Amino acid sequence: MACPEEFSRARAVFLTLLFGSALQGAHCQLVVSPVGPSLLSVLAGSNVTLAVSFSGAPDPVVTWFSGSLPVATWTVNSSEVPDIDINRRDVLRVERNGSLTFVNVPLSYDSNYTVEMTKSGLEKAATSFSLRIFETFQNVTLTTESDFAKEGSDVFKLRYSLQRGVVQHQVWLFNGGEIESGSRYLMEQANLSILRPDRTDTGEYAVLLTNPFSSAMARTNVTVRYGPDEPVLTTHPPQDFYVSGESVTLTCRSEGFPQPTSAWAFGGKILNDSHQGVLNLVNVSTTQGGVYVCMVFNENSKERREKSLTLNIYERPLRDSTCSVESLNDTKLLFHCAWMGGTPQAELSFPAIDPNNNGLGNFSVTLEASDSLNGRIIQCIAEHILEKQSCNITARSPSKFVPAVRTDVSNEGKIVVSIQCLSEASPQAVVSWSRGSQAVTNGATHGISRDTTLLTIRHNNVSSFLLQNYTCTCSNPLGSRRREIQLQGPSISDSGLFPNQDGTIITLTWEVPRTSVVTGFDIQMKGPDLQSNTSNAINTKARSDQYRTIQQKAGFERKTDVYVLDPKSTYRFRIIPKARLTPGEPSEVHRIGPGDGLSGPAIAGIAAGIPCSLLFLLLLCCLVYFCVSYCRNKNNQTPYPVSRAVEKAKTAQTDKSPHILLAGGLKSPPDYNRLHLAPSERSADLPMFVPPPPVRVATTV
């Protein structure tokens with residue numbers, strides 16, 4: 001029983017196998033596949049076979065294509081010769097199994113190859129190969145399109161070339177680092193393009209070429225020319241400004257390749273004393289202050305850049321600030337402040353009277369005159385970048401003054417009287433002149449100075465000066481002062497005589513009234529002749545008991561020396577003031593020398609005194625007699641006895657004082673500094689000399 005079951009089971013398996021084999025034969029398919037890799041890399045000149053195997057049909061027709069071009073056709077196991085492209089018969093061989101062999105394969109056979117197998121009644125089968133043919137590298141070089149790249153240009157290209165070799169891979173390097181395609185680099189075949197090159201692209205570039213059989217590298221240096229950049233300007237020492245007389249160094253630096261040349265210009269002119277962008281300025285002055293321009297130039301790129309620098313050189317104003325006040329239209333005060341010079345100009349202001357305004361160098365403020373401004377101190381603030389100053393000005397009304405009178409003689413022989421009225425005032429007072437009730441103006445007789453302070457009167461006759469009073473009025477916007485001047489004839493107000501120790505030389509001094517019209521002086525002497533005359537003495541011969549002129553002095557002189565006198569003789573001196581030819585009253589007489597006995601008046605007094613003395617004695621005797629008689633008669637009366645009084649009359653004699661002669665030279669020496677002052681410079685008139693009252697000398701007998 002078991003055997004029949006096993007037989008049945010084996011028969012089922014066999015039938016199944018048979019059915020499957022029959023089904024497979026009904027669906028047969030041609031299959032071709034590569035034997036080995038489908039990508040082959042070979043060295044040019046070597047032999048290589050594109051090996052294939054097939055199944056599914058015997059003796060299929062084999063066709064090889066290079067790309068889309070058929071290069072060989074053959075039926076497997078056919079006795080016929082393979083049909084090979086005539087141009088490729090030296091290289092291609094079809095093997096018995098349909099594989100394709102290349103003999104001494106050249107580079108031109110580098111391609112994609114496809115094999116197709118066909119069998120009648122079956123579908124076509126195909127497979128492909130990639131054949132890459134390489135050579136070893138020889139003479140690889142890397143070049144650029146120009147010697148230098150320019151910063152900012154559109155593109156700069158590098159290209160490699162080789163005499164022999166097939167490149168499978170290429171790597172571009174910059175300073176040893178691999179370059180990747182991006183926004184700055186573009187790699188196309190044998191080219192490397194640098195887009196918008198800049199100075200950072202300067203360096204070594206290299207390309208590395210490889211294939212399965214060799215590798216090679218080529219290098220080159222690329223220089224990117226750039227600049228000049230914007231110059232960088234510096235000063236040393238670094239300061240905002242410099243003072244006249246200091247030294248400063250200007251430096252100009254600019255990056256670029258090649259290194260740009262630089263030069264300094266000032267006032268439109270190139271400064272030749274700069275070196276490599278360095279300009280040394282020694283002992284600078286304000287004329288060197290201003291805009292300095294640095295110019296940089298690239299010889300190769302022909303690019304030029306400029307940059308300027310302002311050099312501030314300051315100088316202090318030469319003098320100090322000054323303040324003044326002036327009269328404006330006789331009703332306003334013009335306060336003025338100035339501080340001239342300097343660089344820059346000083347800023348001026350009057351904060352007390354005009355705090356909101358200021359000026360440069362010169363500044364003025366105008367105010368209406370008022371009592372509040374009289375004597376008020378007004379300060380001007382003067383500010384310079386190097387220094388600050390201030391000055392004060394005080395406006396005052398005219399003060400009290402004393403007119404000064406001076407007399408001269410013109411070339412025409414006229415008497416010229418100058419009257420000066422000068423009052424301290426701020427602003428300066430303007431002087432108006434009048435004679436009596438009439439205003440004085442410039443003319444033939446009168447002349448007024450430009451500043452109105454001096455009136456000049458010209459006339460031949462001195463009496464013409466004495467007819468009317470002159471009046472001067474000094475005024476400014478703050479007030480006025482008025483003085484009258486009464487001119488008087490030539491006169492001497494004071495005089496003195498001062499001998500030397502030996503009595504051989506005397507010095508005569510004198511003063512005149514402030515308003516006296518005097519053009520000269522005659523020095524007169526009475527006494528014996530001088531032993532030798534002075535250089536300006538007048539040689540005259542006259543009696544010794546008469547006055548004679550020995551010297552003549554100008555109207556401005558106030559002293560003279562007389563020599564040589566005889567100490568044993570007596571001399572008398574006096575000074576005669578003159579207005580041209582008109583003399584005035586002489587001065588007091590000054591005597592020097594020993595006593596010369598009683599004078600004439602003294603003798604006359606004595607002669608008149610003798611009879612008077614006798615008459616007085618006679619009257620005195622009568623009076624004594626009368627008194628004695630009266631007493632005797634009274635004693636004889638009764639009844640009452642009366643005591644007798646005896647009286648003695650005593651005659652009082654007048655004290656006799658010896659005659660005191662005036663001895664010249666006993667005065668203290670005068671103050672010569674005061675004597676030589678002009679009349680206008682004295683604060684008051686000299687005191688008038690008052691002679692002592694005359695002394696009558698008499699002798700009682």
# chains A, B, ... in the order shown; residues from 1 in each chain; ligands from 1

$ residues_around --residues "Ser153 in chain A" --least-positions-apart "5" --cutoff "9 Å" --atoms "only C-alpha atoms" --output "list in words"
Leu195, Arg196, Pro197 and Asp198 of chain A

$ write_last_selection --atoms "C-alpha atoms" --output "PDB file, in the first residue's frame"
ATOM      1  CA  LEU A 195      34.415  88.475  -9.297  1.00  0.00           C
ATOM      2  CA  ARG A 196      34.984  92.101  -8.233  1.00  0.00           C
ATOM      3  CA  PRO A 197      38.527  91.501  -6.959  1.00  0.00           C
ATOM      4  CA  ASP A 198      39.831  93.471  -4.003  1.00  0.00           C
TER       5      ASP A 198
END

$ select_by_dssp --residues "range 304-481 of chain A" --states "strand (DSSP E or B)" --output "PyMOL selection string"
chain A and resi 304-311+313-315+322-328+332-338+343+347-350+354-360+362-368+377-383+388-394+396+404-409+415-420+426+430-435+438-439+446-448+454-459+470-476+479-481

$ write_last_selection --atoms "C-alpha atoms" --output "mmCIF file, in the first residue's frame"
data_model
loop_
_atom_site.group_PDB
_atom_site.id
_atom_site.type_symbol
_atom_site.label_atom_id
_atom_site.label_comp_id
_atom_site.auth_asym_id
_atom_site.auth_seq_id
_atom_site.Cartn_x
_atom_site.Cartn_y
_atom_site.Cartn_z
ATOM 1 C CA ARG A 304 44.196 110.288 -7.528
ATOM 2 C CA ARG A 305 42.712 111.121 -4.142
ATOM 3 C CA GLU A 306 42.659 114.335 -2.117
ATOM 4 C CA LYS A 307 41.807 115.279 1.427
ATOM 5 C CA SER A 308 42.014 118.598 3.201
ATOM 6 C CA LEU A 309 42.909 119.649 6.732
ATOM 7 C CA THR A 310 42.272 123.011 8.352
ATOM 8 C CA LEU A 311 45.193 124.284 10.417
ATOM 9 C CA ILE A 313 46.982 129.216 13.995
ATOM 10 C CA TYR A 314 46.006 131.838 16.555
ATOM 11 C CA GLU A 315 47.830 134.956 17.675
ATOM 12 C CA THR A 322 41.254 149.973 25.079
ATOM 13 C CA CYS A 323 38.068 151.726 26.077
ATOM 14 C CA SER A 324 36.841 155.202 25.233
ATOM 15 C CA VAL A 325 33.699 157.279 25.260
ATOM 16 C CA GLU A 326 32.776 159.898 22.678
ATOM 17 C CA SER A 327 30.125 162.535 22.286
ATOM 18 C CA LEU A 328 27.454 161.935 19.665
ATOM 19 C CA LYS A 332 24.418 160.924 23.377
ATOM 20 C CA LEU A 333 27.373 158.947 24.644
ATOM 21 C CA LEU A 334 29.153 156.495 22.368
ATOM 22 C CA PHE A 335 30.978 153.860 24.439
ATOM 23 C CA HIS A 336 33.668 152.211 22.363
ATOM 24 C CA CYS A 337 35.842 149.173 23.067
ATOM 25 C CA ALA A 338 38.660 147.917 20.833
ATOM 26 C CA THR A 343 43.768 135.789 15.094
ATOM 27 C CA GLU A 347 34.995 139.182 21.123
ATOM 28 C CA LEU A 348 33.975 142.405 22.882
ATOM 29 C CA SER A 349 30.933 143.274 24.969
ATOM 30 C CA PHE A 350 29.561 145.783 27.500
ATOM 31 C CA ASP A 354 24.144 146.059 26.594
ATOM 32 C CA PRO A 355 24.313 142.426 27.724
ATOM 33 C CA ASN A 356 22.690 140.998 24.577
ATOM 34 C CA ASN A 357 25.117 142.271 21.935
ATOM 35 C CA ASN A 358 28.806 141.887 21.184
ATOM 36 C CA GLY A 359 31.308 142.537 18.435
ATOM 37 C CA LEU A 360 34.662 141.439 17.053
ATOM 38 C CA ASN A 362 35.641 146.866 17.570
ATOM 39 C CA PHE A 363 32.376 147.295 19.432
ATOM 40 C CA SER A 364 30.328 150.379 20.278
ATOM 41 C CA VAL A 365 27.179 151.076 22.265
ATOM 42 C CA THR A 366 25.239 154.360 22.086
ATOM 43 C CA LEU A 367 23.237 155.643 25.077
ATOM 44 C CA GLU A 368 21.344 158.811 25.850
ATOM 45 C CA ILE A 377 32.443 152.898 35.700
ATOM 46 C CA ILE A 378 31.548 150.948 32.556
ATOM 47 C CA GLN A 379 33.531 147.756 31.914
ATOM 48 C CA CYS A 380 34.277 146.190 28.543
ATOM 49 C CA ILE A 381 34.948 142.439 28.508
ATOM 50 C CA ALA A 382 37.434 141.424 25.789
ATOM 51 C CA GLU A 383 37.730 137.681 25.219
ATOM 52 C CA LYS A 388 40.802 137.423 28.439
ATOM 53 C CA GLN A 389 41.046 141.104 29.278
ATOM 54 C CA SER A 390 38.848 143.942 30.441
ATOM 55 C CA CYS A 391 39.057 147.707 30.429
ATOM 56 C CA ASN A 392 37.058 150.410 32.180
ATOM 57 C CA ILE A 393 35.764 153.747 30.987
ATOM 58 C CA THR A 394 34.094 156.423 33.099
ATOM 59 C CA ARG A 396 32.384 162.502 33.460
ATOM 60 C CA ALA A 404 46.397 179.117 30.814
ATOM 61 C CA VAL A 405 47.732 182.198 29.011
ATOM 62 C CA ARG A 406 50.902 182.355 26.924
ATOM 63 C CA THR A 407 52.298 185.295 25.014
ATOM 64 C CA ASP A 408 54.631 185.248 21.988
ATOM 65 C CA VAL A 409 55.661 187.521 19.143
ATOM 66 C CA ILE A 415 51.710 190.115 19.818
ATOM 67 C CA VAL A 416 50.239 186.608 19.922
ATOM 68 C CA VAL A 417 48.287 185.679 23.041
ATOM 69 C CA SER A 418 47.256 182.026 23.398
ATOM 70 C CA ILE A 419 44.517 181.133 25.869
ATOM 71 C CA GLN A 420 44.012 177.464 26.631
ATOM 72 C CA SER A 426 35.131 162.196 29.375
ATOM 73 C CA VAL A 430 34.240 170.876 23.366
ATOM 74 C CA VAL A 431 35.247 174.485 24.027
ATOM 75 C CA SER A 432 33.267 177.459 22.774
ATOM 76 C CA TRP A 433 34.731 180.974 22.907
ATOM 77 C CA SER A 434 33.155 184.391 23.264
ATOM 78 C CA ARG A 435 34.340 187.969 23.686
ATOM 79 C CA GLN A 438 29.783 187.896 20.871
ATOM 80 C CA ALA A 439 31.019 184.473 19.813
ATOM 81 C CA HIS A 446 41.324 185.210 16.312
ATOM 82 C CA GLY A 447 42.193 181.598 15.660
ATOM 83 C CA ILE A 448 40.691 178.506 17.301
ATOM 84 C CA LEU A 454 43.178 176.920 22.297
ATOM 85 C CA LEU A 455 42.287 180.461 21.291
ATOM 86 C CA THR A 456 44.980 182.544 19.597
ATOM 87 C CA ILE A 457 44.720 186.349 19.474
ATOM 88 C CA ARG A 458 46.986 188.423 17.213
ATOM 89 C CA HIS A 459 47.360 192.210 17.424
ATOM 90 C CA TYR A 470 37.108 186.478 27.006
ATOM 91 C CA THR A 471 34.933 183.554 28.066
ATOM 92 C CA CYS A 472 35.548 179.866 27.393
ATOM 93 C CA THR A 473 32.844 177.223 27.960
ATOM 94 C CA CYS A 474 33.828 173.531 28.162
ATOM 95 C CA SER A 475 30.911 171.174 27.575
ATOM 96 C CA ASN A 476 30.040 167.556 26.805
ATOM 97 C CA GLY A 479 27.417 169.052 31.539
ATOM 98 C CA SER A 480 29.521 172.210 31.081
ATOM 99 C CA ARG A 481 31.976 174.555 32.862
#

$ closest_residue --among "A:Asn87, A:Ser41, A:Gln163, A:Thr143" --to "Ala218 in chain A" --atoms "only C-alpha atoms"
A:Thr143

$ residues_around --residues "Leu487 in chain A" --least-positions-apart "4" --cutoff "9 Å" --atoms "only C-alpha atoms" --output "ChimeraX atom specification"
/A:405,465-470,514-517

$ write_last_selection --atoms "N, CA and C atoms" --output "short mmCIF file (atom, residue, chain, number, x, y, z; two decimals), in the first residue's frame"
data_model
loop_
_atom_site.label_atom_id
_atom_site.label_comp_id
_atom_site.auth_asym_id
_atom_site.auth_seq_id
_atom_site.Cartn_x
_atom_site.Cartn_y
_atom_site.Cartn_z
N VAL A 405 47.46 181.12 29.97
CA VAL A 405 47.73 182.20 29.01
C VAL A 405 49.21 182.19 28.67
N PHE A 465 44.12 193.99 23.66
CA PHE A 465 43.82 192.75 24.38
C PHE A 465 43.05 193.01 25.68
N LEU A 466 43.08 194.27 26.15
CA LEU A 466 42.57 194.55 27.48
C LEU A 466 41.19 195.16 27.49
N LEU A 467 40.57 195.27 26.27
CA LEU A 467 39.30 195.98 26.20
C LEU A 467 38.15 195.18 26.76
N GLN A 468 38.09 193.88 26.44
CA GLN A 468 36.95 193.08 26.85
C GLN A 468 37.43 191.74 27.42
N ASN A 469 36.56 191.16 28.22
CA ASN A 469 36.86 189.84 28.77
C ASN A 469 36.57 188.75 27.74
N TYR A 470 37.35 187.67 27.82
CA TYR A 470 37.11 186.48 27.01
C TYR A 470 36.50 185.40 27.89
N ARG A 514 48.94 185.17 36.00
CA ARG A 514 48.53 184.14 35.05
C ARG A 514 47.98 184.74 33.76
N THR A 515 47.32 185.88 33.84
CA THR A 515 46.67 186.46 32.66
C THR A 515 47.42 187.68 32.13
N SER A 516 48.65 187.85 32.54
CA SER A 516 49.42 189.01 32.11
C SER A 516 49.97 188.78 30.70
N VAL A 517 49.91 189.85 29.88
CA VAL A 517 50.44 189.79 28.51
C VAL A 517 51.88 190.28 28.55
#

$ closest_residue --among "A:Lys559, A:Lys568, A:Lys526, A:Arg88" --to "Val589 in chain A" --atoms "only C-alpha atoms"
A:Lys526

$ residues_around --residues "Val243 in chain A" --least-positions-apart "4" --cutoff "12 Å" --atoms "only C-alpha atoms" --output "MDAnalysis selection string"
chainID A and resid 239 247:248 282:289 311:317 342:344 385:387

$ residues_around --residues "Asn460 in chain A" --least-positions-apart "6" --cutoff "10 Å" --atoms "only C-alpha atoms" --output "list in words"
Val409, Ser410, Glu412, Gly413, Lys414, Ile415, Val416, Ala579, Arg580 and Leu581 of chain A

$ write_last_selection --atoms "C-alpha atoms" --output "compact mmCIF listing (two decimals), in the first residue's frame"
# COMPACT_ATOMS: atom_id res chain seq x y z
CA VAL A 409 55.66 187.52 19.14
CA SER A 410 54.95 186.43 15.58
CA GLU A 412 55.35 189.83 11.57
CA GLY A 413 56.01 191.47 14.93
CA LYS A 414 52.47 191.02 16.24
CA ILE A 415 51.71 190.11 19.82
CA VAL A 416 50.24 186.61 19.92
CA ALA A 579 54.55 193.65 25.93
CA ARG A 580 56.59 194.08 22.78
CA LEU A 581 57.56 197.79 23.12

$ closest_residue --among "A:Val224, A:Ala126, A:Val61, A:Ala429" --to "Pro258 in chain A" --atoms "only C-alpha atoms"
A:Val224

$ residues_around --residues "range 144-147 of chain A" --least-positions-apart "2" --cutoff "10 Å" --atoms "only C-alpha atoms" --output "list in words"
Leu142, Ala149, Lys150, Phe156, Lys157, Leu158, Arg159, Tyr160, Asn191, Leu192, Ser193, Thr220, Asn221, Val222, Thr223 and Val224 of chain A

$ write_last_selection --atoms "C-alpha atoms" --output "PDB file, in the first residue's frame"
ATOM      1  CA  LEU A 142      48.452  78.381 -14.689  1.00  0.00           C
ATOM      2  CA  ALA A 149      44.260  92.652 -11.016  1.00  0.00           C
ATOM      3  CA  LYS A 150      42.619  96.001 -10.316  1.00  0.00           C
ATOM      4  CA  PHE A 156      39.770  88.743 -13.120  1.00  0.00           C
ATOM      5  CA  LYS A 157      40.376  85.310 -14.719  1.00  0.00           C
ATOM      6  CA  LEU A 158      42.937  82.550 -14.197  1.00  0.00           C
ATOM      7  CA  ARG A 159      43.269  79.678 -16.698  1.00  0.00           C
ATOM      8  CA  TYR A 160      45.289  76.495 -16.611  1.00  0.00           C
ATOM      9  CA  ASN A 191      39.040  78.910 -15.854  1.00  0.00           C
ATOM     10  CA  LEU A 192      38.714  80.502 -12.432  1.00  0.00           C
ATOM     11  CA  SER A 193      37.004  83.878 -12.415  1.00  0.00           C
ATOM     12  CA  THR A 220      50.791  81.507  -9.800  1.00  0.00           C
ATOM     13  CA  ASN A 221      50.752  84.714  -7.740  1.00  0.00           C
ATOM     14  CA  VAL A 222      48.067  87.287  -8.262  1.00  0.00           C
ATOM     15  CA  THR A 223      48.595  90.903  -7.196  1.00  0.00           C
ATOM     16  CA  VAL A 224      45.613  93.177  -6.875  1.00  0.00           C
TER      17      VAL A 224
END

$ residues_around --residues "range 266-278 of chain A" --least-positions-apart "5" --cutoff "12 Å" --atoms "only C-alpha atoms" --output "PyMOL selection string"
chain A and resi 231-236+248-254+259-261+287-297+308-311

$ atom_distance --atom1 "CA of Leu373 in chain A" --atom2 "CA of Ser399 in chain A"
15.4 Å

$ atom_distance --atom1 "CA of Phe148 in chain A" --atom2 "CA of Val167 in chain A"
27.8 Å
